[in-house]
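Data first, discussion second: the structure below is written as structure tokens.
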Amino acid sequence: MVKITFVDAAGQSRTVDAEEGSTVMEAAIRNDVPGIEAECGGACACATCHVYVDDAFMEKLPKAEPMEEDMLDFAYDVRPTSRLSCQIRVSAAIDGLVVHTPEQQG
Amino acid sequence: MTDIIKTDAVIVGAGPVGLFAVFELGLLDIKAHLIDILPKPGGQCAELYPEKPIYDIPAFPMVTGQGLVDNLMKQIEPFNPQFHYNEMVDSLEVLGTPQAPLFRLKTAGGDVFECKVVLIAAGGGSFQPKKPPVAGIEEFESKSVFYAVRKMETFRGKRVLIVGGGDSALDWTLNLAPIAERVTLMHRRDDFRAAPHSVNAMRELVAAGKMDLVIGQMTGLKGADGELSAVSVKGSDGAAFDIACDRMMPFFGLTMKLGPIADWGLNLHENLVPVDTEKFETNVPGVFAVGDINTYPGKLKLILSGFHEVALAAQKANRYIYPDKKVVFQYTTSSSSLQKKLGVA
Ligand SMILES: Cc1cc2nc3c(=O)[nH]c(=O)nc-3n(C[C@H](O)[C@H](O)[C@H](O)COP(=O)(O)OP(=O)(O)OC[C@H]3O[C@@H](n4cnc5c(N)ncnc54)[C@H](O)[C@@H]3O)c2cc1C
Ligand code: FES
């Protein structure tokens, strides 16, 4: 199991266990983490699973695919650290990942 | 415009479930008109995931969203359904009685339909433009902020800011550049989803000094009495500045909203329409709800469930429309009368 921490817009943090091979979005939904809606269920088709990746982890994540970049156009307040959490695969390499959920999704 | 369109059934929503309803109604000789706010059939499948694979349509090991829609269109062709696109169904009025239902539907564009049964196949609701998250935008909407262009002339001589990076944003940039005093296109990154030829055309206009391209995001609106004077922007380098403009058009894609259906006198449960599981009828006799829009114990929002629902709803619709007709159960494989309707016998 890999630990992932979600920090909401008000600063409250929640740490959950995520299975390797699943996605960061799935970890949030399975653990009822607020601030992630994931309307399309992870098909990279809704941009309601938007997160800001903590600076310390930006380097460790593979870069967003063009499809994810395109979908990020529909998210609100997109920043250089913005990602769609359904497109981030959970692996041992990102154990301890910290992501911030935005004030508003879609 | 004011001619009333009279038909057996009106289907609200041309998603996969609304499309298959045409088939099930058609086998029972029930003629249908479909109305959708989108410019094309297919609902979520066509709008949200046309190229993505679906694996759980029976007998299709894999089909794409658009592939499914194309096949449904082919399958319902023999029944000659009438499509009304770019139209929002605004109101539903009950004219008849529970035993002999009759309804009048009106669209936002002024079309009027009269029919004996209504199938609401509205899915997650009507597709509507997403609003940018800036405070006070409502004050400017339809005065100086527009999500669609109704008349190009209203942009003549104006300073127009278009926001977005997809085909709508690029198409309107190119269309309005010759008419407007100045067009500025703003996008969050210097990379566009839109078709490459329109991106190239846009870059040529920028190079020729005929329009402006700004990389940044909107942070606020300035103006008074609904008239915009400038849009505040955070540039890609973090710097804040204003873009002076009289008109702004944000293109941030579409989102699904229940919309006018909430006011049609139907019972609602968390924005869904409760139905029974025998006929998929709502609390208003003659009005059915099928597909993602309905709810009942055990409901699954799957295309396959929607297909089943329309088959049963059509049986009850048949009894309203042809009360005296004897109901006989038939297979398409073996019934010559069904095959005649399908144009294969
Ligand atoms: C990314 C993604 C992947 C999916 N994958 C699968 C899958 O693998 N298998 C599966 O079974 N399902 C899948 N689904 C779900 C499936 O797409 C839906 O169950 C299906 O689209 C529902 O069909 P529908 O016809 O009920 O509604 P929709 O497809 O939502 O269509 C409803 C239509 O009604 C229109 N409408 C609504 N109100 C009005 C109004 N007042 N006036 C005019 N028009 C109106 C809308 O504009 C829309 O076009 C997926 C969904 C998504 C988003
Ligand atoms: S869940 Fe829809 S884009 Fe990630």
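Residue names in the structure tokens use chain letters A, B, ... in the order shown, residue numbers from 1 in each chain, and ligand numbers from 1 in the order shown.
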
- Message: Show me, as a ChimeraX atom specification, every residue of chain B with an atom at most 9 Å from chain A, counting only C-alpha atoms.
- Response: /B:48-49,52,130,132-133,164-166,187-189,191-193,217-219,251-255

- Item | Cut-off 7 Å, only C-alpha atoms and all ligand atoms, neighbours of ligand 1 as a PyMOL selection string | (chain A and resi 40-41+43+45) or (chain B and resi 12-18+35-38+41-45+48-49+54-57+87-90+121-127+258-261+290-293+301-304+306)

- Task: Could you give me, as a list of chain:residue names, each residue of chain A that DSSP assigns to helix (DSSP H, G or I) when run on this structure's backbone?
- Result: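 Filtering chain A down to helix (DSSP H, G or I) leaves A:Val24, A:Met25, A:Glu26, A:Ala27, A:Ala28, A:Ile29, A:Arg30, A:Asp55, A:Ala56, A:Phe57, A:Met58, A:Pro66, A:Met67, A:Glu68, A:Glu69, A:Asp70, A:Met71, A:Leu72, A:Ser85, A:Cys86, A:Gln87, A:Ala92, A:Ala93, A:Ile94.
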
Okay, now the selection with N, CA, C and O atoms, as a CSV table (one decimal), in the first residue's frame?
```csv
chain,number,residue,atom,x,y,z
A,24,VAL,N,-4.8,7.9,-8.3
A,24,VAL,CA,-5.0,8.8,-7.2
A,24,VAL,C,-6.4,9.2,-7.0
A,24,VAL,O,-7.0,9.3,-5.9
A,25,MET,N,-7.1,9.4,-8.1
A,25,MET,CA,-8.6,9.7,-8.1
A,25,MET,C,-9.3,8.6,-7.4
A,25,MET,O,-10.1,8.8,-6.5
A,26,GLU,N,-9.0,7.3,-7.7
A,26,GLU,CA,-9.7,6.2,-7.1
A,26,GLU,C,-9.5,6.1,-5.6
A,26,GLU,O,-10.4,5.8,-4.9
A,27,ALA,N,-8.3,6.4,-5.2
A,27,ALA,CA,-8.0,6.4,-3.8
A,27,ALA,C,-8.8,7.4,-3.1
A,27,ALA,O,-9.3,7.2,-2.0
A,28,ALA,N,-9.0,8.6,-3.7
A,28,ALA,CA,-9.9,9.6,-3.1
A,28,ALA,C,-11.3,9.2,-3.0
A,28,ALA,O,-12.0,9.3,-1.9
A,29,ILE,N,-11.9,8.6,-4.1
A,29,ILE,CA,-13.3,8.2,-4.1
A,29,ILE,C,-13.5,7.1,-3.1
A,29,ILE,O,-14.5,7.1,-2.4
A,30,ARG,N,-12.6,6.1,-3.1
A,30,ARG,CA,-12.8,4.9,-2.2
A,30,ARG,C,-12.8,5.3,-0.8
A,30,ARG,O,-13.4,4.7,0.1
A,55,ASP,N,4.8,20.7,-4.7
A,55,ASP,CA,6.0,21.0,-5.4
A,55,ASP,C,7.0,19.9,-5.3
A,55,ASP,O,7.7,19.5,-6.3
A,56,ALA,N,7.2,19.3,-4.1
A,56,ALA,CA,8.2,18.3,-3.8
A,56,ALA,C,8.0,17.1,-4.7
A,56,ALA,O,9.0,16.3,-4.8
A,57,PHE,N,6.8,16.9,-5.2
A,57,PHE,CA,6.5,15.6,-5.9
A,57,PHE,C,6.4,15.8,-7.4
A,57,PHE,O,6.3,14.8,-8.2
A,58,MET,N,6.5,17.1,-7.9
A,58,MET,CA,6.3,17.3,-9.3
A,58,MET,C,7.3,16.5,-10.2
A,58,MET,O,6.9,16.0,-11.2
A,66,PRO,N,-0.8,14.5,-23.6
A,66,PRO,CA,-1.5,15.6,-24.3
A,66,PRO,C,-3.0,15.6,-24.0
A,66,PRO,O,-3.7,16.6,-23.8
A,67,MET,N,-3.6,14.4,-23.9
A,67,MET,CA,-5.1,14.2,-23.6
A,67,MET,C,-5.4,14.9,-22.3
A,67,MET,O,-6.4,15.5,-22.1
A,68,GLU,N,-4.5,14.7,-21.3
A,68,GLU,CA,-4.8,15.2,-20.0
A,68,GLU,C,-4.6,16.8,-20.0
A,68,GLU,O,-5.4,17.5,-19.4
A,69,GLU,N,-3.6,17.2,-20.7
A,69,GLU,CA,-3.4,18.7,-20.9
A,69,GLU,C,-4.7,19.3,-21.5
A,69,GLU,O,-5.1,20.4,-21.1
A,70,ASP,N,-5.2,18.7,-22.5
A,70,ASP,CA,-6.4,19.2,-23.2
A,70,ASP,C,-7.6,19.3,-22.2
A,70,ASP,O,-8.3,20.2,-22.2
A,71,MET,N,-7.7,18.2,-21.4
A,71,MET,CA,-8.8,18.2,-20.5
A,71,MET,C,-8.6,19.2,-19.4
A,71,MET,O,-9.6,19.8,-18.9
A,72,LEU,N,-7.4,19.5,-19.0
A,72,LEU,CA,-7.1,20.5,-18.0
A,72,LEU,C,-7.6,21.9,-18.4
A,72,LEU,O,-7.9,22.7,-17.5
A,85,SER,N,-6.3,13.9,-11.3
A,85,SER,CA,-5.9,12.8,-10.4
A,85,SER,C,-6.2,11.4,-11.0
A,85,SER,O,-5.6,10.4,-10.6
A,86,CYS,N,-7.1,11.3,-11.9
A,86,CYS,CA,-7.5,10.0,-12.5
A,86,CYS,C,-6.4,9.6,-13.5
A,86,CYS,O,-6.4,8.4,-13.9
A,87,GLN,N,-5.5,10.5,-13.8
A,87,GLN,CA,-4.4,10.1,-14.7
A,87,GLN,C,-3.0,9.9,-14.0
A,87,GLN,O,-2.0,9.8,-14.6
A,92,ALA,N,5.0,2.6,-6.0
A,92,ALA,CA,5.8,2.8,-4.8
A,92,ALA,C,6.7,4.1,-4.9
A,92,ALA,O,7.0,4.7,-3.9
A,93,ALA,N,7.0,4.4,-6.2
A,93,ALA,CA,7.8,5.6,-6.4
A,93,ALA,C,7.2,6.9,-5.9
A,93,ALA,O,7.9,7.9,-5.6
A,94,ILE,N,5.9,6.9,-5.7
A,94,ILE,CA,5.3,8.2,-5.3
A,94,ILE,C,4.7,8.0,-3.9
A,94,ILE,O,3.8,8.8,-3.5
```

So that I can see what lies close to Ser91 in chain A, please list as a compact mmCIF listing (two decimals) with N, CA, C and O atoms, in the first residue's frame the residues with an atom at most 10 Å from it, counting only C-alpha atoms and leaving out residues fewer than 5 positions away in the same chain.
```txt
# COMPACT_ATOMS: atom_id res chain seq x y z
N MET A 1 0.84 -1.21 0.00
CA MET A 1 0.00 0.00 0.00
C MET A 1 0.87 1.26 0.00
O MET A 1 1.92 1.30 0.61
N VAL A 2 0.36 2.26 -0.69
CA VAL A 2 1.09 3.52 -0.84
C VAL A 2 0.28 4.61 -0.13
O VAL A 2 -0.94 4.63 -0.25
N LYS A 3 0.95 5.47 0.58
CA LYS A 3 0.23 6.55 1.29
C LYS A 3 0.08 7.78 0.39
O LYS A 3 1.05 8.19 -0.26
N ALA A 18 -3.45 3.69 -0.74
CA ALA A 18 -3.85 3.46 -2.13
C ALA A 18 -3.13 2.24 -2.66
O ALA A 18 -1.98 1.97 -2.31
N GLU A 19 -3.87 1.50 -3.49
CA GLU A 19 -3.32 0.27 -4.05
C GLU A 19 -2.42 0.59 -5.25
O GLU A 19 -2.80 1.43 -6.08
N GLU A 20 -1.31 -0.06 -5.37
CA GLU A 20 -0.45 0.15 -6.54
C GLU A 20 -1.21 -0.24 -7.80
O GLU A 20 -1.91 -1.24 -7.81
N GLY A 21 -1.07 0.56 -8.84
CA GLY A 21 -1.76 0.27 -10.09
C GLY A 21 -3.10 0.98 -10.21
O GLY A 21 -3.63 1.12 -11.30
N SER A 22 -3.67 1.40 -9.06
CA SER A 22 -4.91 2.18 -9.14
C SER A 22 -4.52 3.64 -9.41
O SER A 22 -3.37 3.94 -9.69
N THR A 23 -5.50 4.54 -9.34
CA THR A 23 -5.17 5.95 -9.59
C THR A 23 -5.40 6.77 -8.32
O THR A 23 -6.12 6.33 -7.41
N VAL A 24 -4.81 7.95 -8.31
CA VAL A 24 -4.97 8.84 -7.16
C VAL A 24 -6.45 9.21 -7.00
O VAL A 24 -6.96 9.29 -5.88
N LEU A 61 6.60 12.61 -10.77
CA LEU A 61 5.48 12.12 -11.57
C LEU A 61 5.81 12.18 -13.06
O LEU A 61 6.42 13.14 -13.51
```

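Near range 279-286 of chain B, within 6 Å and counting only C-alpha atoms, sit Pro98, Pro101, Val117, Leu312 and Ala313 of chain B, not including residues fewer than 6 positions from it in the same chain.
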
- Within 9 Å of Leu342 in chain B, counting only C-alpha atoms, which residues qualify if same-chain residues fewer than 4 places away don't, as a list in words?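 Within the cut-off, the hits are Gly26, Leu27, Gln75, Ile76, Glu77, Pro78, Phe79, Thr332, Ser337 and Leu338 of chain B.
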
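Considering only chain A, backbone DSSP assigns strand (DSSP E) to Val2, Lys3, Ile4, Thr5, Phe6, Val7, Ser13, Arg14, Thr15, Val16, Asp17, Ala18, His50, Val51, Tyr52, Val53, Ser82, Arg83, Leu84, Leu97, Val98, Val99 and His100 of chain A.
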
Take the residues from that selection and put them in a file with C-alpha atoms, as a compact mmCIF listing (two decimals), in the first residue's frame.
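Heads up, here's the output in again38.txt:
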```
# COMPACT_ATOMS: atom_id res chain seq x y z
CA VAL A 2 1.09 3.52 -0.84
CA LYS A 3 0.23 6.55 1.29
CA ILE A 4 -1.36 9.56 -0.34
CA THR A 5 -2.26 12.78 1.44
CA PHE A 6 -5.03 15.08 0.23
CA VAL A 7 -5.04 18.64 1.56
CA SER A 13 -5.32 17.03 5.37
CA ARG A 14 -6.38 13.39 5.01
CA THR A 15 -4.00 10.51 4.42
CA VAL A 16 -5.27 7.33 2.76
CA ASP A 17 -3.87 4.00 1.62
CA ALA A 18 -3.85 3.46 -2.13
CA HIS A 50 -8.32 18.31 -10.63
CA VAL A 51 -5.56 18.54 -8.00
CA TYR A 52 -2.43 20.60 -7.40
CA VAL A 53 0.57 18.35 -6.87
CA SER A 82 -2.22 21.11 -11.91
CA ARG A 83 -2.96 17.48 -12.76
CA LEU A 84 -6.03 15.31 -13.21
CA LEU A 97 2.49 11.90 -2.37
CA VAL A 98 0.80 15.12 -1.27
CA VAL A 99 -1.86 16.73 -3.45
CA HIS A 100 -4.01 19.78 -2.80
```

- Item | Nearest-residue call for ligand 2, choices A:Val90, A:Ala10, A:Ala38, A:Ala64, using only C-alpha atoms and all ligand atoms |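 The shortest atom-to-atom distance to ligand 2 comes from A:Ala38.
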
- Residues near range 200-202 of chain B, cut-off 10 Å, only C-alpha atoms, skip fewer than 5 positions along chain, as an NGL selection string: :B and (170-171 or 173-174 or 177 or 185 or 195 or 207-208 or 210-213)

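Proximity ranking of A:Thr81, A:Gln105, A:Asn31, A:Thr48 relative to ligand 2 places A:Thr48 first, based on only C-alpha atoms and all ligand atoms.
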
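We find CA of Phe146 in chain B and atom 3 (S, counted along the ligand's line) of ligand 2 to be spaced 25.9 Å apart.
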
- Return the single residue from B:Glu181, B:Glu270, B:Asp70, B:Asp242 that is closest to Leu221 in chain B, with distances computed using only C-alpha atoms.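 Of B:Glu181, B:Glu270, B:Asp70, B:Asp242, the one nearest Leu221 in chain B is B:Asp242, counting only C-alpha atoms.
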
- Restricting the calculation to only C-alpha atoms and all ligand atoms, which member of A:Ala47, A:Ala9, A:Ile88, A:Ile36 is positioned closest to ligand 2? A:Ala47
